[in-house]
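Data block below; observations after.
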Amino acid sequence: EDALKIGVTKDSKLIAAFLAKVQRLLVPCEFNCWTALPALGDAAPMLRFQPAGHILGSAYVELRQNTAAKQRYKTVFSGDLGAPYAPLLPAPKPPYAADTVVIESTYGDRLHDNRRERIKRLEQVLLHALQDNGTVLFPAFSIGRTQELLYELEAIVHRLRGQAIHQGLRWDELQIIVDSPLAAKFTQAYDALKSRWDKEAKQRVKQGRHPLSFEQLHTVDSHAQHIALVHYLASTRQPAIVIAASGMCEGGRVVNYLSALLPDAAHQVVFVGYQARGTLGAQIQHYGPKGGYVDIDGSRIHIGAEIITLSGYSAHADQQGLLRFVLGMRKRPQQVRIVHGDNEAKQALQQAFQQHGVNAVIAGQ
């Protein structure tokens, strides 16, 4: 619904009709259970979903085809694979075997920092940013990234409760705001599905903590509240952390924050996710450190705010994670087909697979 409203149409009847059609076609499936698909000629395909660890409910797909020519031939489609040690979600486990693997390559040419260092850097960034009593703005995707940030912010606040950020502000006085109705809905879904969390997150719940609904967390619902908050933070420089969608700044409420806050050096914009070429986020990331400007809704906005990129916050597996997914199989595939990534990432991942004796090709080449 959100994507339709932003990118396709405002026609409420058309949106409702489309959603009703999709709803009728959706078939819920349990993880780790084979599901029969309609026969295709002499083939009797079977489908199985396994947790992919990318966002809650994400899956990689095992497709088994039984034909006269290929008995029990199995193709695995990775989809988006999650990074190991990500907050809340168990890491993906490789399948036992596959004949062909179709694998993503978003971060096929790089390695993520370890999580302990990442949390330490997040704390240091916040200590630095909040000295000016401005707003620290995180453009973040509503599903996955927002919940990870909340989880780690709760950990920092819990550990440092009562300690000072500076003379006039303690950690337990800091306001943390989620300004995205969609993110708020998905946060509720994450909270309701605690049974799918990893062991660390479940342990926090047993301790009486609420990683996604802690005391200092506030959500903004209506558009009027959103506009009022943007004006308030821009005019008062009240210290706050704001998480707003969209993650690449191409739409959503984060755009209003950027228009209001970017010119003021008291504020910070912290990017914790990949910014695709050509997006507003990538432009801010590129021109901000140079004291440049960006165009937002037809207006030229000078970038006075500090622009910070915090690496390691990817929901995607890095090169090691992608290799581990294939090399961890008991029966390795005859071929790996690499998709979904920049050319440099695809080529680097292909070379890494070949160094391990795996036949890897880049799809489409």
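Chain labels run A, B, ... following the order of the structure tokens; each chain numbers its residues from 1, and ligands are numbered from 1 in the order shown.
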Applying 10 Å and only C-alpha atoms, which residues near Leu127 in chain A remain after dropping the ones on its own chain fewer than 6 positions away? List them as a PyMOL selection string. chain A and resi 121+164-166+171
Selection to disk with N, CA and C atoms, as a JSON list (two decimals), in the first residue's frame:
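Once written, selection08.json looks like this:
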```json
[["chain", "number", "residue", "atom", "x", "y", "z"],
["A", 121, "ARG", "N", 31.01, 2.40, 17.85],
["A", 121, "ARG", "CA", 31.04, 3.58, 16.98],
["A", 121, "ARG", "C", 29.73, 4.35, 17.03],
["A", 164, "ALA", "N", 26.01, 11.13, 32.01],
["A", 164, "ALA", "CA", 25.83, 12.37, 31.25],
["A", 164, "ALA", "C", 26.34, 12.24, 29.83],
["A", 165, "ILE", "N", 25.56, 12.78, 28.90],
["A", 165, "ILE", "CA", 26.04, 12.98, 27.53],
["A", 165, "ILE", "C", 26.89, 14.25, 27.51],
["A", 166, "HIS", "N", 26.36, 15.28, 28.16],
["A", 166, "HIS", "CA", 27.12, 16.50, 28.47],
["A", 166, "HIS", "C", 26.48, 17.11, 29.71],
["A", 171, "TRP", "N", 21.68, 10.40, 29.43],
["A", 171, "TRP", "CA", 21.21, 9.42, 28.46],
["A", 171, "TRP", "C", 19.74, 9.10, 28.67]]
```
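Surrounding range 323-332 of chain A within 9 Å are Ser78, Leu81, Pro92, Lys93, Pro94, Pro95, Tyr96, Ala97, Ala98, Asp99, Thr100, Val101, Gly108, Asp318, Leu349, Ala352, Phe353, His356 and Val358 of chain A, with only C-alpha atoms counted and residues fewer than 5 positions along the same chain left out.
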Written file, previous selection with all heavy atoms, as a compact mmCIF listing (two decimals), in the first residue's frame:
```txt
# COMPACT_ATOMS: atom_id res chain seq x y z
N SER A 78 18.76 -17.50 -3.22
CA SER A 78 19.11 -16.93 -1.92
C SER A 78 18.17 -15.81 -1.50
O SER A 78 17.96 -15.59 -0.31
CB SER A 78 20.54 -16.39 -1.95
OG SER A 78 20.61 -15.16 -2.67
N LEU A 81 20.15 -12.35 1.59
CA LEU A 81 20.65 -13.06 2.76
C LEU A 81 21.05 -12.07 3.85
O LEU A 81 21.62 -11.03 3.57
CB LEU A 81 21.86 -13.92 2.38
CG LEU A 81 21.59 -15.17 1.57
CD1 LEU A 81 22.89 -15.85 1.19
CD2 LEU A 81 20.70 -16.14 2.34
N PRO A 92 21.30 -16.90 8.78
CA PRO A 92 20.83 -17.95 7.86
C PRO A 92 21.76 -19.16 7.90
O PRO A 92 22.98 -19.01 7.99
CB PRO A 92 20.86 -17.27 6.50
CG PRO A 92 21.85 -16.16 6.63
CD PRO A 92 21.75 -15.70 8.05
N LYS A 93 21.18 -20.35 7.82
CA LYS A 93 21.96 -21.58 7.76
C LYS A 93 21.92 -22.11 6.33
O LYS A 93 20.87 -22.12 5.70
CB LYS A 93 21.37 -22.62 8.71
CG LYS A 93 21.48 -22.23 10.18
CD LYS A 93 20.88 -23.30 11.07
CE LYS A 93 20.98 -22.91 12.55
NZ LYS A 93 20.36 -23.93 13.43
N PRO A 94 23.08 -22.55 5.81
CA PRO A 94 23.10 -23.06 4.42
C PRO A 94 22.23 -24.30 4.29
O PRO A 94 22.08 -25.08 5.23
CB PRO A 94 24.57 -23.40 4.19
CG PRO A 94 25.32 -22.69 5.26
CD PRO A 94 24.40 -22.59 6.43
N PRO A 95 21.65 -24.54 3.11
CA PRO A 95 20.94 -25.79 2.87
C PRO A 95 21.93 -26.95 2.81
O PRO A 95 23.14 -26.75 2.67
CB PRO A 95 20.27 -25.57 1.52
CG PRO A 95 21.11 -24.53 0.85
CD PRO A 95 21.64 -23.65 1.95
N TYR A 96 21.39 -28.16 2.93
CA TYR A 96 22.26 -29.33 2.91
C TYR A 96 22.94 -29.48 1.55
O TYR A 96 24.13 -29.79 1.47
CB TYR A 96 21.44 -30.59 3.22
CG TYR A 96 22.25 -31.87 3.19
CD1 TYR A 96 22.98 -32.26 4.31
CD2 TYR A 96 22.29 -32.66 2.04
CE1 TYR A 96 23.73 -33.44 4.28
CE2 TYR A 96 23.05 -33.83 2.00
CZ TYR A 96 23.76 -34.21 3.14
OH TYR A 96 24.51 -35.35 3.10
N ALA A 97 22.19 -29.24 0.47
CA ALA A 97 22.73 -29.47 -0.87
C ALA A 97 21.96 -28.64 -1.88
O ALA A 97 20.84 -28.19 -1.63
CB ALA A 97 22.64 -30.95 -1.23
N ALA A 98 22.58 -28.45 -3.03
CA ALA A 98 21.92 -27.79 -4.16
C ALA A 98 22.68 -28.15 -5.43
O ALA A 98 23.89 -28.41 -5.40
CB ALA A 98 21.89 -26.28 -3.97
N ASP A 99 21.97 -28.16 -6.54
CA ASP A 99 22.62 -28.34 -7.83
C ASP A 99 22.98 -27.00 -8.45
O ASP A 99 24.05 -26.84 -9.04
CB ASP A 99 21.69 -29.13 -8.77
CG ASP A 99 21.42 -30.53 -8.25
OD1 ASP A 99 22.35 -31.35 -8.29
OD2 ASP A 99 20.31 -30.78 -7.77
N THR A 100 22.09 -26.03 -8.32
CA THR A 100 22.33 -24.67 -8.78
C THR A 100 21.94 -23.70 -7.67
O THR A 100 20.91 -23.90 -7.02
CB THR A 100 21.51 -24.35 -10.05
OG1 THR A 100 21.93 -25.20 -11.11
CG2 THR A 100 21.71 -22.90 -10.48
N VAL A 101 22.75 -22.68 -7.47
CA VAL A 101 22.42 -21.62 -6.52
C VAL A 101 22.39 -20.29 -7.26
O VAL A 101 23.34 -19.95 -7.97
CB VAL A 101 23.45 -21.55 -5.37
CG1 VAL A 101 23.17 -20.33 -4.47
CG2 VAL A 101 23.42 -22.82 -4.54
N GLY A 108 29.06 -8.14 -2.28
CA GLY A 108 29.99 -9.18 -2.71
C GLY A 108 31.44 -8.74 -2.78
O GLY A 108 32.34 -9.57 -2.94
N ASP A 318 27.79 -9.93 3.95
CA ASP A 318 28.96 -9.44 3.22
C ASP A 318 29.56 -10.59 2.41
O ASP A 318 28.96 -11.68 2.31
CB ASP A 318 29.98 -8.82 4.17
CG ASP A 318 30.54 -9.81 5.19
OD1 ASP A 318 30.19 -11.02 5.13
OD2 ASP A 318 31.35 -9.39 6.04
N LEU A 349 32.80 -11.11 -6.13
CA LEU A 349 32.24 -12.34 -5.56
C LEU A 349 32.54 -13.54 -6.46
O LEU A 349 32.87 -14.63 -5.97
CB LEU A 349 30.74 -12.18 -5.35
CG LEU A 349 30.03 -13.35 -4.66
CD1 LEU A 349 30.60 -13.59 -3.27
CD2 LEU A 349 28.52 -13.10 -4.57
N ALA A 352 36.03 -14.61 -5.80
CA ALA A 352 36.16 -15.26 -4.49
C ALA A 352 35.66 -16.69 -4.55
O ALA A 352 36.28 -17.61 -3.98
CB ALA A 352 35.39 -14.46 -3.45
N PHE A 353 34.54 -16.92 -5.23
CA PHE A 353 34.03 -18.29 -5.37
C PHE A 353 35.02 -19.15 -6.16
O PHE A 353 35.29 -20.30 -5.80
CB PHE A 353 32.67 -18.28 -6.09
CG PHE A 353 31.50 -18.09 -5.18
CD1 PHE A 353 30.58 -17.07 -5.40
CD2 PHE A 353 31.30 -18.93 -4.09
CE1 PHE A 353 29.49 -16.90 -4.57
CE2 PHE A 353 30.21 -18.76 -3.25
CZ PHE A 353 29.30 -17.74 -3.49
N HIS A 356 37.82 -20.64 -4.38
CA HIS A 356 37.45 -21.79 -3.54
C HIS A 356 37.00 -22.98 -4.38
O HIS A 356 36.41 -23.94 -3.87
CB HIS A 356 36.33 -21.40 -2.56
CG HIS A 356 36.79 -20.55 -1.43
ND1 HIS A 356 36.89 -19.16 -1.51
CD2 HIS A 356 37.20 -20.86 -0.17
CE1 HIS A 356 37.30 -18.68 -0.36
NE2 HIS A 356 37.51 -19.69 0.46
N VAL A 358 34.71 -23.10 -6.76
CA VAL A 358 33.29 -23.13 -7.09
C VAL A 358 33.08 -22.51 -8.46
O VAL A 358 33.58 -21.42 -8.75
CB VAL A 358 32.47 -22.35 -6.03
CG1 VAL A 358 31.00 -22.29 -6.44
CG2 VAL A 358 32.61 -23.01 -4.65
```
Run DSSP on the backbone and tell me which residues of range 126-342 of chain A come out as strand (DSSP E or B); list them as a PyMOL selection string. chain A and resi 135-139+164-166+169-170+175-179+217-219+240-244+268-271+293-296+299-302+306-309+316+318+331+335-339
All residues 8 Å or closer to range 269-272 of chain A, only C-alpha atoms, same chain fewer than 6 positions away omitted, as a list of chain:residue names: A:Val136, A:Leu137, A:Phe138, A:Pro139, A:Ala140, A:Leu262, A:Gln285, A:Ala305, A:Glu306, A:Ile307, A:Ile308, A:Thr309, A:Leu310, A:Ser311, A:Gly312, A:Tyr313, A:Ser314
Residues of the last selection are to be written out with N, CA, C and O atoms, as a PDB file, in the first residue's frame.
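File produced: again.pdb:
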```pdb
ATOM      1  N   VAL A 136      19.790  14.382  15.775  1.00  0.00           N
ATOM      2  CA  VAL A 136      20.536  13.368  15.038  1.00  0.00           C
ATOM      3  C   VAL A 136      19.515  12.589  14.223  1.00  0.00           C
ATOM      4  O   VAL A 136      18.679  11.875  14.777  1.00  0.00           O
ATOM      5  N   LEU A 137      19.568  12.752  12.913  1.00  0.00           N
ATOM      6  CA  LEU A 137      18.568  12.176  12.022  1.00  0.00           C
ATOM      7  C   LEU A 137      19.112  10.922  11.344  1.00  0.00           C
ATOM      8  O   LEU A 137      20.160  10.968  10.692  1.00  0.00           O
ATOM      9  N   PHE A 138      18.392   9.824  11.507  1.00  0.00           N
ATOM     10  CA  PHE A 138      18.739   8.564  10.848  1.00  0.00           C
ATOM     11  C   PHE A 138      17.701   8.281   9.757  1.00  0.00           C
ATOM     12  O   PHE A 138      16.565   7.923  10.066  1.00  0.00           O
ATOM     13  N   PRO A 139      18.043   8.452   8.474  1.00  0.00           N
ATOM     14  CA  PRO A 139      17.148   7.935   7.430  1.00  0.00           C
ATOM     15  C   PRO A 139      17.235   6.408   7.454  1.00  0.00           C
ATOM     16  O   PRO A 139      18.329   5.845   7.361  1.00  0.00           O
ATOM     17  N   ALA A 140      16.113   5.743   7.621  1.00  0.00           N
ATOM     18  CA  ALA A 140      16.174   4.287   7.789  1.00  0.00           C
ATOM     19  C   ALA A 140      14.967   3.631   7.163  1.00  0.00           C
ATOM     20  O   ALA A 140      13.859   4.182   7.156  1.00  0.00           O
ATOM     21  N   LEU A 262      18.989  20.312   7.266  1.00  0.00           N
ATOM     22  CA  LEU A 262      20.273  20.276   6.557  1.00  0.00           C
ATOM     23  C   LEU A 262      21.049  21.595   6.606  1.00  0.00           C
ATOM     24  O   LEU A 262      22.281  21.571   6.722  1.00  0.00           O
ATOM     25  N   GLN A 285      25.264  12.311   0.892  1.00  0.00           N
ATOM     26  CA  GLN A 285      26.477  11.626   1.346  1.00  0.00           C
ATOM     27  C   GLN A 285      27.701  12.126   0.601  1.00  0.00           C
ATOM     28  O   GLN A 285      28.787  12.277   1.185  1.00  0.00           O
ATOM     29  N   ALA A 305      24.637  20.878   7.957  1.00  0.00           N
ATOM     30  CA  ALA A 305      24.650  19.805   8.952  1.00  0.00           C
ATOM     31  C   ALA A 305      25.809  18.851   8.697  1.00  0.00           C
ATOM     32  O   ALA A 305      26.271  18.697   7.569  1.00  0.00           O
ATOM     33  N   GLU A 306      26.252  18.216   9.753  1.00  0.00           N
ATOM     34  CA  GLU A 306      27.320  17.228   9.617  1.00  0.00           C
ATOM     35  C   GLU A 306      26.750  15.933   9.042  1.00  0.00           C
ATOM     36  O   GLU A 306      25.706  15.456   9.492  1.00  0.00           O
ATOM     37  N   ILE A 307      27.419  15.387   8.047  1.00  0.00           N
ATOM     38  CA  ILE A 307      26.977  14.155   7.402  1.00  0.00           C
ATOM     39  C   ILE A 307      27.915  13.022   7.827  1.00  0.00           C
ATOM     40  O   ILE A 307      29.130  13.098   7.625  1.00  0.00           O
ATOM     41  N   ILE A 308      27.338  12.004   8.427  1.00  0.00           N
ATOM     42  CA  ILE A 308      28.117  10.896   8.978  1.00  0.00           C
ATOM     43  C   ILE A 308      27.647   9.591   8.343  1.00  0.00           C
ATOM     44  O   ILE A 308      26.446   9.359   8.207  1.00  0.00           O
ATOM     45  N   THR A 309      28.583   8.774   7.933  1.00  0.00           N
ATOM     46  CA  THR A 309      28.258   7.442   7.422  1.00  0.00           C
ATOM     47  C   THR A 309      28.795   6.404   8.391  1.00  0.00           C
ATOM     48  O   THR A 309      29.990   6.378   8.689  1.00  0.00           O
ATOM     49  N   LEU A 310      27.894   5.594   8.924  1.00  0.00           N
ATOM     50  CA  LEU A 310      28.255   4.578   9.905  1.00  0.00           C
ATOM     51  C   LEU A 310      28.156   3.226   9.221  1.00  0.00           C
ATOM     52  O   LEU A 310      27.057   2.735   8.938  1.00  0.00           O
ATOM     53  N   SER A 311      29.295   2.648   8.898  1.00  0.00           N
ATOM     54  CA  SER A 311      29.300   1.394   8.145  1.00  0.00           C
ATOM     55  C   SER A 311      28.970   0.214   9.052  1.00  0.00           C
ATOM     56  O   SER A 311      28.989   0.321  10.277  1.00  0.00           O
ATOM     57  N   GLY A 312      28.688  -0.898   8.428  1.00  0.00           N
ATOM     58  CA  GLY A 312      28.435  -2.124   9.179  1.00  0.00           C
ATOM     59  C   GLY A 312      26.976  -2.383   9.468  1.00  0.00           C
ATOM     60  O   GLY A 312      26.619  -3.448   9.954  1.00  0.00           O
ATOM     61  N   TYR A 313      26.103  -1.403   9.195  1.00  0.00           N
ATOM     62  CA  TYR A 313      24.688  -1.586   9.483  1.00  0.00           C
ATOM     63  C   TYR A 313      23.934  -2.079   8.262  1.00  0.00           C
ATOM     64  O   TYR A 313      22.895  -1.544   7.923  1.00  0.00           O
ATOM     65  N   SER A 314      24.446  -3.092   7.639  1.00  0.00           N
ATOM     66  CA  SER A 314      23.729  -3.625   6.501  1.00  0.00           C
ATOM     67  C   SER A 314      22.960  -4.867   6.914  1.00  0.00           C
ATOM     68  O   SER A 314      23.457  -5.692   7.678  1.00  0.00           O
TER      69      SER A 314
END
```
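When the distance limit is 8 Å and only C-alpha atoms are what count, the residues near Arg48 in chain A, minus those fewer than 3 positions from it on the same chain, are Phe31, Asn32, Cys33, Trp34, Thr35, Val61, Glu62 and Leu63 of chain A.
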Let me see the file: selected residues, N, CA and C atoms, as a CSV table (one decimal), in the first residue's frame.
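Printed below is part-v2.csv as written:
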```
chain,number,residue,atom,x,y,z
A,31,PHE,N,8.1,-22.4,7.5
A,31,PHE,CA,9.5,-22.6,7.2
A,31,PHE,C,9.7,-24.1,7.3
A,32,ASN,N,10.7,-24.6,6.5
A,32,ASN,CA,11.2,-26.0,6.5
A,32,ASN,C,10.1,-27.0,6.2
A,33,CYS,N,9.1,-26.6,5.4
A,33,CYS,CA,8.1,-27.6,5.0
A,33,CYS,C,8.0,-27.6,3.4
A,34,TRP,N,8.1,-28.7,2.8
A,34,TRP,CA,7.9,-28.8,1.4
A,34,TRP,C,6.5,-28.6,1.0
A,35,THR,N,6.3,-27.7,0.0
A,35,THR,CA,4.9,-27.4,-0.6
A,35,THR,C,4.9,-27.8,-2.1
A,61,VAL,N,14.8,-19.7,-0.9
A,61,VAL,CA,13.9,-20.7,-1.5
A,61,VAL,C,14.6,-21.9,-2.0
A,62,GLU,N,14.2,-23.1,-1.7
A,62,GLU,CA,14.7,-24.3,-2.3
A,62,GLU,C,13.6,-24.8,-3.3
A,63,LEU,N,13.9,-25.0,-4.5
A,63,LEU,CA,13.0,-25.5,-5.5
A,63,LEU,C,13.5,-26.8,-6.1
```
Report as a CSV table (one decimal) with N, CA, C and O atoms, in the first residue's frame all protein, DNA and RNA residues lying within 10 Å of Ala184 in chain A, evaluated on only C-alpha atoms, omitting residues in the same chain fewer than 2 positions from it.
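Listing of out_24.csv after writing:
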```csv
chain,number,residue,atom,x,y,z
A,142,SER,N,11.9,1.2,6.9
A,142,SER,CA,10.8,0.9,7.9
A,142,SER,C,10.9,-0.5,8.4
A,142,SER,O,10.6,-0.8,9.6
A,143,ILE,N,11.4,-1.4,7.6
A,143,ILE,CA,11.4,-2.8,7.9
A,143,ILE,C,12.8,-3.3,8.2
A,143,ILE,O,13.6,-3.2,7.2
A,146,THR,N,15.1,0.0,11.0
A,146,THR,CA,14.6,0.7,12.1
A,146,THR,C,14.6,-0.1,13.4
A,146,THR,O,15.0,0.4,14.5
A,147,GLN,N,14.2,-1.3,13.3
A,147,GLN,CA,14.1,-2.2,14.5
A,147,GLN,C,15.5,-2.5,15.0
A,147,GLN,O,15.7,-2.5,16.2
A,178,VAL,N,10.5,7.7,16.5
A,178,VAL,CA,10.3,7.0,15.3
A,178,VAL,C,9.2,7.8,14.5
A,178,VAL,O,8.0,7.8,15.0
A,179,ASP,N,9.5,8.4,13.4
A,179,ASP,CA,8.5,9.2,12.7
A,179,ASP,C,8.3,8.5,11.3
A,179,ASP,O,8.8,8.9,10.3
A,180,SER,N,7.5,7.4,11.4
A,180,SER,CA,7.2,6.6,10.2
A,180,SER,C,6.0,5.7,10.6
A,180,SER,O,6.3,4.7,11.4
A,181,PRO,N,4.8,6.0,10.2
A,181,PRO,CA,3.7,5.1,10.5
A,181,PRO,C,4.0,3.6,10.1
A,181,PRO,O,3.6,2.7,10.8
A,182,LEU,N,4.6,3.4,8.9
A,182,LEU,CA,4.9,2.1,8.5
A,182,LEU,C,5.9,1.4,9.4
A,182,LEU,O,5.7,0.2,9.8
A,186,PHE,N,5.5,-2.1,11.7
A,186,PHE,CA,6.4,-3.2,11.6
A,186,PHE,C,7.1,-3.4,12.9
A,186,PHE,O,7.4,-4.6,13.3
A,187,THR,N,7.3,-2.4,13.7
A,187,THR,CA,7.9,-2.6,15.0
A,187,THR,C,6.9,-3.3,15.9
A,187,THR,O,7.3,-4.2,16.7
A,188,GLN,N,5.7,-3.1,15.8
A,188,GLN,CA,4.6,-3.8,16.5
A,188,GLN,C,4.6,-5.3,16.1
A,188,GLN,O,4.5,-6.2,16.9
A,189,ALA,N,4.8,-5.5,14.8
A,189,ALA,CA,4.9,-6.9,14.3
A,189,ALA,C,6.1,-7.6,14.8
A,189,ALA,O,6.0,-8.8,15.2
A,190,TYR,N,7.2,-6.9,14.8
A,190,TYR,CA,8.4,-7.5,15.4
A,190,TYR,C,8.2,-7.9,16.8
A,190,TYR,O,8.6,-9.0,17.3
A,212,LEU,N,12.2,-2.9,21.9
A,212,LEU,CA,11.6,-2.2,20.8
A,212,LEU,C,10.5,-1.3,21.3
A,212,LEU,O,9.8,-0.6,20.5
A,218,HIS,N,9.4,7.3,21.4
A,218,HIS,CA,8.1,8.0,21.1
A,218,HIS,C,7.8,7.8,19.6
A,218,HIS,O,8.8,7.8,18.8
A,219,THR,N,6.6,7.6,19.2
A,219,THR,CA,6.2,7.4,17.8
A,219,THR,C,5.3,8.6,17.4
A,219,THR,O,4.6,9.1,18.2
A,220,VAL,N,5.5,9.0,16.1
A,220,VAL,CA,4.7,10.1,15.6
A,220,VAL,C,3.7,9.5,14.6
A,220,VAL,O,4.1,8.8,13.7
A,221,ASP,N,2.4,9.7,14.8
A,221,ASP,CA,1.4,9.1,14.0
A,221,ASP,C,0.9,10.0,12.8
A,221,ASP,O,1.2,9.8,11.7
```
Based on DSSP run over this structure's backbone, return all residues of range 163-311 of chain A in helix (DSSP H, G or I), as a PyMOL selection string. chain A and resi 171-173+181-192+194-196+199-206+223-236+254-261+280-290
Quick one: contact table of range 238-263 of chain A to range 5-23 of chain A, 10 Å max, nearest atom pair and distance in Å to one decimal per residue, counting only C-alpha atoms, chain and number order, as a Markdown table?
```
| residue | atom | partner | partner_atom | distance |
| --- | --- | --- | --- | --- |
| A:Glu250 | CA | A:Ile6 | CA | 9.9 |
| A:Gly251 | CA | A:Ile6 | CA | 7.4 |
| A:Gly252 | CA | A:Ile6 | CA | 8.0 |
```
Kindly export the residues of the current selection with N, CA, C and O atoms, as a PDB file, in the first residue's frame.
```
ATOM      1  N   GLU A 250      14.444   9.031  -0.683  1.00  0.00           N
ATOM      2  CA  GLU A 250      13.760   9.270  -1.950  1.00  0.00           C
ATOM      3  C   GLU A 250      12.282   9.617  -1.778  1.00  0.00           C
ATOM      4  O   GLU A 250      11.580   9.888  -2.734  1.00  0.00           O
ATOM      5  N   GLY A 251      11.787   9.594  -0.583  1.00  0.00           N
ATOM      6  CA  GLY A 251      10.392   9.912  -0.309  1.00  0.00           C
ATOM      7  C   GLY A 251      10.145   9.739   1.169  1.00  0.00           C
ATOM      8  O   GLY A 251      11.052   9.453   1.948  1.00  0.00           O
ATOM      9  N   GLY A 252       8.895   9.917   1.578  1.00  0.00           N
ATOM     10  CA  GLY A 252       8.556   9.738   2.973  1.00  0.00           C
ATOM     11  C   GLY A 252       8.871  10.967   3.816  1.00  0.00           C
ATOM     12  O   GLY A 252       9.287  12.014   3.316  1.00  0.00           O
TER      13      GLY A 252
END
```
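Going from CA of Leu280 in chain A to CA of Leu261 in chain A covers 14.8 Å.
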